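my_file_7.txt, holding compact mmCIF, C-alpha atoms:
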# COMPACT_ATOMS: atom_id res chain seq x y z
CA MET A 1 0.00 0.00 0.00
CA MET A 2 1.29 3.46 -0.84
CA THR A 3 1.89 6.02 1.91
CA ASN A 4 1.53 8.93 -0.50
CA PRO A 5 -0.96 11.45 0.98
CA ALA A 6 -2.42 12.09 -2.47
CA PHE A 7 -3.19 8.37 -2.82
CA ALA A 8 -5.10 8.35 0.47
CA ILE A 9 -7.06 11.45 -0.53
CA LYS A 10 -7.93 9.97 -3.93
CA LEU A 11 -9.17 6.81 -2.24
CA GLU A 12 -11.35 8.80 0.15
CA VAL A 13 -12.75 10.89 -2.72
CA SER A 14 -13.54 7.74 -4.65
CA GLN A 15 -15.45 6.30 -1.70
CA LEU A 16 -17.37 9.53 -1.15
CA VAL A 17 -18.29 9.80 -4.83
CA GLU A 18 -19.53 6.22 -4.77
CA LEU A 19 -21.79 7.08 -1.82
CA GLN A 20 -23.07 10.14 -3.71
CA ILE A 21 -23.93 7.97 -6.70
CA GLU A 22 -25.68 5.39 -4.53
CA THR A 23 -27.69 8.18 -2.90
CA LEU A 24 -28.82 9.55 -6.26
CA ARG A 25 -29.82 6.08 -7.49
CA GLN A 26 -32.43 5.70 -4.75
CA GLU A 27 -35.95 5.26 -6.03
CA SER A 28 -37.52 7.42 -3.32
CA ALA A 29 -37.02 11.09 -2.58
CA LEU A 30 -34.23 11.95 -0.18
CA THR A 31 -35.12 12.58 3.43
CA SER A 32 -33.85 15.72 5.12
CA ALA A 33 -31.12 13.70 6.84
CA GLU A 34 -30.04 12.05 3.57
CA LEU A 35 -29.96 15.42 1.84
CA LEU A 36 -27.83 16.87 4.64
CA ASP A 37 -25.46 13.89 4.42
CA TYR A 38 -25.27 14.37 0.64
CA ARG A 39 -24.40 18.05 1.02
CA MET A 40 -21.79 17.32 3.70
CA ARG A 41 -20.14 14.69 1.46
CA ALA A 42 -20.15 17.15 -1.45
CA GLU A 43 -18.38 19.73 0.71
CA LYS A 44 -15.86 17.12 1.89
CA ILE A 45 -15.16 16.13 -1.73
CA LYS A 46 -14.57 19.79 -2.59
CA ILE A 47 -12.13 20.20 0.33
CA LEU A 48 -10.27 17.02 -0.59
CA TYR A 49 -9.88 18.15 -4.21
CA GLN A 50 -8.50 21.47 -2.98
CA GLU A 51 -5.95 19.56 -0.91
CA LEU A 52 -4.99 17.47 -3.95
CA ASP A 53 -4.53 20.69 -5.89
CA ARG A 54 -2.23 22.06 -3.17
CA ILE A 55 -0.20 18.83 -3.15
CA GLY A 56 0.14 18.96 -6.94
CA ARG A 57 1.21 22.60 -6.90
CA ARG A 58 3.86 21.90 -4.26
CA ARG A 59 5.28 19.07 -6.35
CA VAL A 60 5.55 21.33 -9.36
CA GLU A 61 7.02 24.25 -7.40
CA LEU A 62 9.64 22.27 -5.43
CA PRO A 63 11.94 21.47 -8.38
CA TRP A 64 11.96 25.14 -9.36
CA ARG A 65 12.91 26.22 -5.85
CA ARG A 66 15.76 23.71 -5.70
CA ALA A 67 17.13 24.91 -9.05
CA SER A 68 17.35 28.51 -7.82
Structure rendered as structure tokens:
Amino acid sequence: MMTNPAFAIKLEVSQLVELQIETLRQESALTSAELLDYRMRAEKIKILYQELDRIGRRRVELPWRRAS
């Protein structure tokens, strides 16, 4: 198993997205609690993608800083 933080974040995002899809596939309308859970997962996904973006930017910036 990789110890890369980006790998762990990607795995968590994948699991959250899968839950979002399962929620939307329900035949019945969402309850208030389900809708709240859906919104909270969406916010968590957004935060995790922002963290992935920061990790990616650091990886790109580091070689340039070392070369200076």
Using only C-alpha atoms: which of A:Ala6, A:Leu16, A:Ile45, A:Leu30 has the shortest distance to Arg58 (chain A):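 Closest candidate: A:Ala6.
Distance annotation: of A:Arg25, A:Arg39, A:Glu34, A:Tyr49, the residue with the minimal separation from Glu12 (chain A) is A:Tyr49; atom set is only C-alpha atoms.
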Distance criterion (all atoms listed in the file): nearest to Met40 (chain A) out of A:Leu11, A:Leu19, A:Val60, A:Leu52: A:Leu19
Any idea what's packed within 12 Å of Ile9 (chain A), counting only C-alpha atoms, ignoring anything in its chain fewer than 3 positions away? Could you give it as a compact mmCIF listing (two decimals) with C-alpha atoms, in the coordinates of the input?
# COMPACT_ATOMS: atom_id res chain seq x y z
CA MET A 2 1.29 3.46 -0.84
CA THR A 3 1.89 6.02 1.91
CA ASN A 4 1.53 8.93 -0.50
CA PRO A 5 -0.96 11.45 0.98
CA ALA A 6 -2.42 12.09 -2.47
CA GLU A 12 -11.35 8.80 0.15
CA VAL A 13 -12.75 10.89 -2.72
CA SER A 14 -13.54 7.74 -4.65
CA GLN A 15 -15.45 6.30 -1.70
CA LEU A 16 -17.37 9.53 -1.15
CA LYS A 44 -15.86 17.12 1.89
CA ILE A 45 -15.16 16.13 -1.73
CA LYS A 46 -14.57 19.79 -2.59
CA ILE A 47 -12.13 20.20 0.33
CA LEU A 48 -10.27 17.02 -0.59
CA TYR A 49 -9.88 18.15 -4.21
CA GLN A 50 -8.50 21.47 -2.98
CA GLU A 51 -5.95 19.56 -0.91
CA LEU A 52 -4.99 17.47 -3.95
CA ASP A 53 -4.53 20.69 -5.89
CA ARG A 54 -2.23 22.06 -3.17
CA ILE A 55 -0.20 18.83 -3.15
Residue contacts of Gln20 (chain A) (8 Å, all atoms listed in the file) excluding same-chain residues fewer than 2 positions away, as a list in words: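 Within the cut-off, the hits are Leu16, Val17, Glu18, Glu22, Thr23, Leu24, Tyr38, Arg41 and Ala42 of chain A.
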Residue subset to file, keeping C-alpha atoms, as an mmCIF file, keeping the file's coordinate frame:
data_model
loop_
_atom_site.group_PDB
_atom_site.id
_atom_site.type_symbol
_atom_site.label_atom_id
_atom_site.label_comp_id
_atom_site.auth_asym_id
_atom_site.auth_seq_id
_atom_site.Cartn_x
_atom_site.Cartn_y
_atom_site.Cartn_z
ATOM 1 C CA LEU A 16 -17.370 9.530 -1.150
ATOM 2 C CA VAL A 17 -18.290 9.800 -4.830
ATOM 3 C CA GLU A 18 -19.530 6.220 -4.770
ATOM 4 C CA GLU A 22 -25.680 5.390 -4.530
ATOM 5 C CA THR A 23 -27.690 8.180 -2.900
ATOM 6 C CA LEU A 24 -28.820 9.550 -6.260
ATOM 7 C CA TYR A 38 -25.270 14.370 0.640
ATOM 8 C CA ARG A 41 -20.140 14.690 1.460
ATOM 9 C CA ALA A 42 -20.150 17.150 -1.450
#
